[in-house]
Each structure stands twice: as structure tokens, then as C-alpha cells.
Amino acid sequence: MRFRLLFFLLIGTGSLQAQLNNTMFEQRNEVVKSDSNTFGLTLHTLAFNKNNEYFSKIADGYTLFGYQINPSLYYQPTSNTRFDIGVYVQKDFGNDDYSEIQPTFTFSHTFGDSKLVIGTLEGSLSHRLIEPLYDFERVMVNRLENGLQFTVNNNWIFLDTWIDWQNMLYVGEDDQEEVTGGLSMNYILMDKDFKISIPLQMVVTHVGGQIDSSPMPLQTYVNSAVGLMLDFHNGREGFVTGARVDGYYTGYKDFSTDQLRPFEDGSGVMLNATIFTKMHLDIMASYWKGNEFLTIQGGKLYPSESSTFKNPFHIEEQRELLILRFMHNLKLADGLVLSGRFEPYFDLLNNRFEFSHALYLNYSTDFKLLKNARK
């Protein structure tokens, strides 16, 4: 009953980072009022190398190594409307072929602090979801999202709600349509000597359809999270420039007609403490405790269900982790950021120590090619 209550609460609710600071990975199509009748070029690139030294039965160890390029031409016909047309290319090193080549199209329309997006979404890490609800690695293995999105972003609220249409179904196909939607909201209650905010998040996946010939049942899964975040800023010069404490209660619920996954519902608690330094080094300590918690798009370390190749049916009803993260972001130039991360963790219930390390190079830029393009 508590999950149903949380479900309807999140639906009825309407800029901070949730949990990790992933600002450098966000991609947004900015609609600038003064750029009416402007034609230009936008370029987003990401080079990545992430190595997971995992040997447990819950998450596989592997390396992600490659780059992404997303150039697009844009035209802004009015002060609040923009069209982007481009191509997304991903190359995984060690693969002679490109792993993905996809066209991208985005229509953006702003009104005040709000924005409507149709087409290729401002998705992936731009949703600012916590890791139990959204796996960081999806930015490297499944980045593109297409559908409909509505956002609000001002000094008091960040709101992002979206529909990502993942698999189209045609009449008579032996397949199922798949669509995932979500809500990510962070509302600031107070911003004086320190900042207090309340994050509310939800991810819903529906698999099914009415025109298919598949024998599979309708499937609907919900992940949700509600939390509290406190930010402290050091007004004096020193090594530590700020700190953050945040905590989340997360839920999982299966609303499918037939239960295919190991558990019908589950829950988890995540607690984080972060310090920010003048060397641009963030240090975060996290505690995770899950009870029959399953994910839709979440990180592979958190659920009670294995995602490994060799142990696909392994179950651990209880998960308890201590995670330490060292994250360094170095700005090399405007729009160019080099990020390094080292993330060891200790599995308390299995008495196991494992770690991952990564290096990322993000570059985003915007060129105005022609002003007063219609003239």
C-alpha cells in the first residue's frame, strides 16, 4: 500500500545535482531569446574509459572504452523555438565497425522557465536521477532517448518529466512495445546560510501492447525515490569549499499481470556525505541497504537480482554496500572538461572489496553560422 501511495504522490507533484555531480555530462539545447533567426552548429563529444574490477555474482567486471560524437545543425526561427538536426555516432575501441550511428532531431519550445522537447530528448544523465534509479554507465552504452519531455528550471525548482519510446510495435508482430517514462524533481525549501531541498524521483517502464501476437504478459515496473538534501557552503578560504549530506528512500513495485521477476516489491535506503575542495576534487562516502530491491534502469551494484553473464539467476535478497568515490573535474577550456573517478566499494554481506576507475573527456560548443537567416 505504501508503494501505491508514493506512486500517486509522485504523479501529482510537479538546480541541483541528485547524488553525483554529473553536470559535465549533461546535453541541453539552449534556446536564447536574442538568437531569433539564427542558424548554427552544435557539437557534443565524449571520450570515455571505465574499468570495472568486479568479480561478484551480482555485477560483471568489464571495460568501456571509446568515444561519442554528436554534431547538429540548428535553426532558431523565433526567440523561443529551436530545431536541431544531427547525427549521433559511437565508436567502441576494439570494434572495427561503429557500434551506433543514429540520426537525431529535436524541437524545443520555451515559455518562461519551462521547455517542451519533442524528438531526441535532453536525456540520460541530464535527468539527474540517483544511481539506484539510473545507471551512470547508460551514458556510454545506451545514451539516446526519443519521445516527449517537459522541464522547468529556475532558482527554486528543477523539474524533468519525460516519455522515452524504446520499442515500436506494428500490427501482428511477435513482439511487445516498450516505453519508459519518468519524473525527476528537486524543490528548494530554503537557501540562506545553507540550502535544504527535497528530491522526488520516479521511473516507470511498461511492456505490452494490444496489436501484437506475443504470448508475453503485460509488464509494468516502478522505481521511486524520495529524499532530503542539505548543502553547506564555506564562506572562508580553505581547502574545503562546501559539503553536502543527502539521503533517499527508494522503492520498487511490480504491477504486471503475471510476475516474471523474483520479487513483487522491494525497498532501499541510500545515504551520502560529500565534501567539495578548492582542488576540484569531490570526495563522497555512500551507504546502500536494499531489501528485495530491483531496478528498471538503475546501477548494477544495487539490486538483489544479478545482471552477470555467468550467474544470471543469482539472487541476494539483502544488499548492503559502503562506497567511496573520488571525483576530480579539470576544466581545460570553455566547454572542455577532463574528469577522473576512482570508486572502491565494500560488500558488507559478502565481505568483498571491489573497485572501478574511469577517465572522461567532455566537450560541448556552439557556433553561430548565420544571423538573420531568413533575410
# chains A, B, ... in the order shown; residues from 1 in each chain; ligands from 1
>>> residues_around(residues="stretch 171-173 of chain A", least_positions_apart="3", cutoff="9 Å", atoms="only C-alpha atoms", output="JSON, numbers by chain")
{"A": [176, 210, 211, 212, 213, 214]}
>>> write_last_selection(atoms="C-alpha atoms", output="PDB file, in the first residue's frame")
ATOM      1  CA  GLN A 176       5.929  -6.024 -27.419  1.00  0.00           C
ATOM      2  CA  GLN A 210      -2.850  -4.561 -27.912  1.00  0.00           C
ATOM      3  CA  ILE A 211      -1.902  -5.339 -31.533  1.00  0.00           C
ATOM      4  CA  ASP A 212       0.856  -7.931 -31.027  1.00  0.00           C
ATOM      5  CA  SER A 213       0.899 -11.725 -31.273  1.00  0.00           C
ATOM      6  CA  SER A 214       3.375 -12.169 -28.420  1.00  0.00           C
TER       7      SER A 214
END
>>> closest_atom_pairs(of="stretch 61-145 of chain A", to="stretch 217-237 of chain A", cutoff="12 Å", atoms="only C-alpha atoms", output="CSV")
residue,atom,partner,partner_atom,distance
A:Leu129,CA,A:Ala225,CA,9.2
A:Ile130,CA,A:Ala225,CA,8.5
A:Glu131,CA,A:Ala225,CA,10.7
A:Pro132,CA,A:Asn223,CA,8.8
A:Leu133,CA,A:Asn223,CA,6.5
A:Tyr134,CA,A:Asn223,CA,9.8
>>> closest_residue(among="A:Leu260, A:Leu271, A:Val117, A:Ile315", to="A:Glu292", atoms="only C-alpha atoms")
A:Ile315
>>> residues_around(residues="stretch 141-150 of chain A", least_positions_apart="5", cutoff="10 Å", atoms="only C-alpha atoms", output="PyMOL selection string")
chain A and resi 64+68+88+90+92+99-100+102+104-110+114-125+136+159-166+179-183
>>> residues_around(residues="stretch 55-62 of chain A", least_positions_apart="4", cutoff="9 Å", atoms="only C-alpha atoms", output="PyMOL selection string")
chain A and resi 50-51+300-312+314-316+350+352+354+356
>>> closest_atom_pairs(of="stretch 107-206 of chain A", to="stretch 247-258 of chain A", cutoff="10 Å", atoms="only C-alpha atoms", output="Markdown table")
| residue | atom | partner | partner_atom | distance |
| --- | --- | --- | --- | --- |
| A:Ile130 | CA | A:Tyr248 | CA | 8.9 |
| A:Pro132 | CA | A:Thr250 | CA | 8.0 |
| A:Leu133 | CA | A:Thr250 | CA | 8.4 |
| A:Ile198 | CA | A:Tyr248 | CA | 9.7 |
| A:Pro199 | CA | A:Tyr248 | CA | 8.4 |
| A:Leu200 | CA | A:Tyr248 | CA | 9.1 |
| A:Gln201 | CA | A:Thr250 | CA | 9.0 |
| A:Met202 | CA | A:Gly251 | CA | 9.2 |
| A:Val203 | CA | A:Tyr252 | CA | 9.7 |
| A:Val204 | CA | A:Lys253 | CA | 9.7 |
| A:His206 | CA | A:Ser256 | CA | 8.8 |
>>> select_by_dssp(residues="stretch 54-302 of chain A", states="alpha helix (DSSP H)", output="MDAnalysis selection string")
chainID A and resid 138:141
>>> write_last_selection(atoms="N, CA, C and O atoms", output="PDB file, in the first residue's frame")
ATOM      1  N   ARG A 138      24.829   4.072 -18.540  1.00  0.00           N
ATOM      2  CA  ARG A 138      23.943   4.218 -19.692  1.00  0.00           C
ATOM      3  C   ARG A 138      24.371   5.373 -20.587  1.00  0.00           C
ATOM      4  O   ARG A 138      24.064   5.389 -21.787  1.00  0.00           O
ATOM      5  N   VAL A 139      25.101   6.356 -20.055  1.00  0.00           N
ATOM      6  CA  VAL A 139      25.600   7.443 -20.875  1.00  0.00           C
ATOM      7  C   VAL A 139      26.624   6.937 -21.889  1.00  0.00           C
ATOM      8  O   VAL A 139      26.869   7.587 -22.918  1.00  0.00           O
ATOM      9  N   MET A 140      27.204   5.753 -21.638  1.00  0.00           N
ATOM     10  CA  MET A 140      28.194   5.176 -22.549  1.00  0.00           C
ATOM     11  C   MET A 140      27.659   4.017 -23.375  1.00  0.00           C
ATOM     12  O   MET A 140      28.249   3.671 -24.399  1.00  0.00           O
ATOM     13  N   VAL A 141      26.569   3.397 -22.954  1.00  0.00           N
ATOM     14  CA  VAL A 141      26.090   2.194 -23.653  1.00  0.00           C
ATOM     15  C   VAL A 141      24.676   2.341 -24.220  1.00  0.00           C
ATOM     16  O   VAL A 141      24.278   1.552 -25.090  1.00  0.00           O
TER      17      VAL A 141
END
>>> closest_residue(among="A:Pro262, A:Gly208, A:Gly290, A:Pro71", to="A:Ser364", atoms="only C-alpha atoms")
A:Pro71
>>> closest_residue(among="A:Ser36, A:Thr42, A:Asn95, A:Ser184", to="A:Thr78", atoms="only C-alpha atoms")
A:Ser36
>>> residues_around(residues="A:Arg244", least_positions_apart="2", cutoff="12 Å", atoms="only C-alpha atoms", output="PyMOL selection string")
chain A and resi 16-21+194-197+228-234+240-242+246-247+271-277+282-286
>>> write_last_selection(atoms="N, CA and C atoms", output="CSV table (one decimal), in the first residue's frame")
chain,number,residue,atom,x,y,z
A,16,LEU,N,19.6,21.4,-8.8
A,16,LEU,CA,20.7,20.8,-8.1
A,16,LEU,C,21.0,19.5,-8.7
A,17,GLN,N,22.2,18.9,-8.3
A,17,GLN,CA,22.5,17.6,-8.8
A,17,GLN,C,22.1,16.6,-7.8
A,18,ALA,N,21.4,15.5,-8.2
A,18,ALA,CA,21.0,14.4,-7.4
A,18,ALA,C,22.2,13.5,-7.2
A,19,GLN,N,22.6,13.3,-5.9
A,19,GLN,CA,23.7,12.4,-5.6
A,19,GLN,C,25.0,12.8,-6.2
A,20,LEU,N,25.4,12.4,-7.4
A,20,LEU,CA,26.7,12.7,-8.0
A,20,LEU,C,26.6,13.9,-8.9
A,21,ASN,N,27.7,14.7,-8.9
A,21,ASN,CA,27.8,15.9,-9.8
A,21,ASN,C,28.2,15.4,-11.2
A,194,PHE,N,22.7,27.9,4.5
A,194,PHE,CA,22.8,26.6,3.9
A,194,PHE,C,21.5,26.3,3.1
A,195,LYS,N,21.5,25.3,2.3
A,195,LYS,CA,20.4,25.0,1.4
A,195,LYS,C,19.7,23.7,1.8
A,196,ILE,N,18.4,23.7,1.8
A,196,ILE,CA,17.6,22.5,2.1
A,196,ILE,C,16.7,22.2,0.8
A,197,SER,N,16.8,21.0,0.3
A,197,SER,CA,15.9,20.7,-0.8
A,197,SER,C,15.4,19.3,-0.7
A,228,LEU,N,16.0,13.9,1.1
A,228,LEU,CA,16.3,15.2,1.7
A,228,LEU,C,17.8,15.5,1.4
A,229,MET,N,18.0,16.8,1.0
A,229,MET,CA,19.4,17.2,0.7
A,229,MET,C,19.7,18.5,1.4
A,230,LEU,N,20.9,18.5,2.0
A,230,LEU,CA,21.4,19.7,2.7
A,230,LEU,C,22.8,20.1,2.2
A,231,ASP,N,22.9,21.3,1.7
A,231,ASP,CA,24.2,21.8,1.1
A,231,ASP,C,24.7,22.9,2.0
A,232,PHE,N,26.0,22.8,2.3
A,232,PHE,CA,26.7,23.8,3.2
A,232,PHE,C,27.8,24.4,2.3
A,233,HIS,N,27.9,25.8,2.4
A,233,HIS,CA,29.0,26.5,1.7
A,233,HIS,C,29.9,27.2,2.6
A,234,ASN,N,31.2,27.0,2.4
A,234,ASN,CA,32.2,27.6,3.3
A,234,ASN,C,32.5,29.0,2.8
A,240,VAL,N,38.5,23.0,2.0
A,240,VAL,CA,37.1,22.5,1.8
A,240,VAL,C,36.2,23.7,1.5
A,241,THR,N,35.6,23.7,0.3
A,241,THR,CA,34.8,24.8,-0.1
A,241,THR,C,33.3,24.6,0.1
A,242,GLY,N,32.9,23.4,0.4
A,242,GLY,CA,31.5,23.1,0.7
A,242,GLY,C,31.3,21.6,1.1
A,246,ASP,N,22.9,14.0,1.9
A,246,ASP,CA,21.6,13.7,1.3
A,246,ASP,C,21.3,12.2,1.6
A,247,GLY,N,20.0,12.0,1.7
A,247,GLY,CA,19.5,10.6,1.9
A,247,GLY,C,18.3,10.4,1.1
A,271,LEU,N,22.4,6.7,1.7
A,271,LEU,CA,22.9,7.9,2.5
A,271,LEU,C,24.2,8.3,1.9
A,272,ASN,N,24.4,9.6,1.7
A,272,ASN,CA,25.6,10.2,1.1
A,272,ASN,C,26.1,11.3,1.9
A,273,ALA,N,27.4,11.4,1.9
A,273,ALA,CA,28.1,12.6,2.5
A,273,ALA,C,29.2,13.0,1.6
A,274,THR,N,29.2,14.3,1.2
A,274,THR,CA,30.2,14.7,0.2
A,274,THR,C,30.9,16.0,0.7
A,275,ILE,N,32.2,16.1,0.4
A,275,ILE,CA,32.9,17.3,0.6
A,275,ILE,C,33.5,17.8,-0.7
A,276,PHE,N,33.5,19.1,-0.9
A,276,PHE,CA,34.0,19.7,-2.2
A,276,PHE,C,35.2,20.6,-1.8
A,277,THR,N,36.3,20.5,-2.6
A,277,THR,CA,37.5,21.1,-2.3
A,277,THR,C,37.9,22.1,-3.4
A,282,ASP,N,36.1,16.2,-5.5
A,282,ASP,CA,34.9,15.8,-4.7
A,282,ASP,C,35.1,14.4,-4.1
A,283,ILE,N,34.9,14.3,-2.8
A,283,ILE,CA,35.0,13.0,-2.1
A,283,ILE,C,33.7,12.7,-1.5
A,284,MET,N,33.1,11.5,-1.8
A,284,MET,CA,31.8,11.1,-1.4
A,284,MET,C,31.8,9.8,-0.7
A,285,ALA,N,31.2,9.6,0.4
A,285,ALA,CA,31.0,8.3,1.1
A,285,ALA,C,29.5,8.0,1.0
A,286,SER,N,29.2,6.8,0.6
A,286,SER,CA,27.8,6.4,0.4
A,286,SER,C,27.6,5.0,1.1
>>> select_by_dssp(residues="stretch 89-173 of chain A", states="strand (DSSP E or B)", output="ChimeraX atom specification")
/A:89-92,100-111,114-120,134,146-153,157-167
>>> closest_residue(among="A:Glu317, A:Tyr54, A:His328, A:Lys91", to="A:Met279", atoms="only C-alpha atoms")
A:His328
>>> closest_residue(among="A:Gln318, A:Gln297, A:Thr365, A:Asn329", to="A:Gly266", atoms="only C-alpha atoms")
A:Gln318
>>> atom_distance(atom1="atom CA of A:Asn80", atom2="atom CA of A:Val32")
7.1 Å
>>> closest_residue(among="A:Arg341, A:Lys371, A:Lys278, A:Arg261", to="A:Leu359", atoms="only C-alpha atoms")
A:Arg341
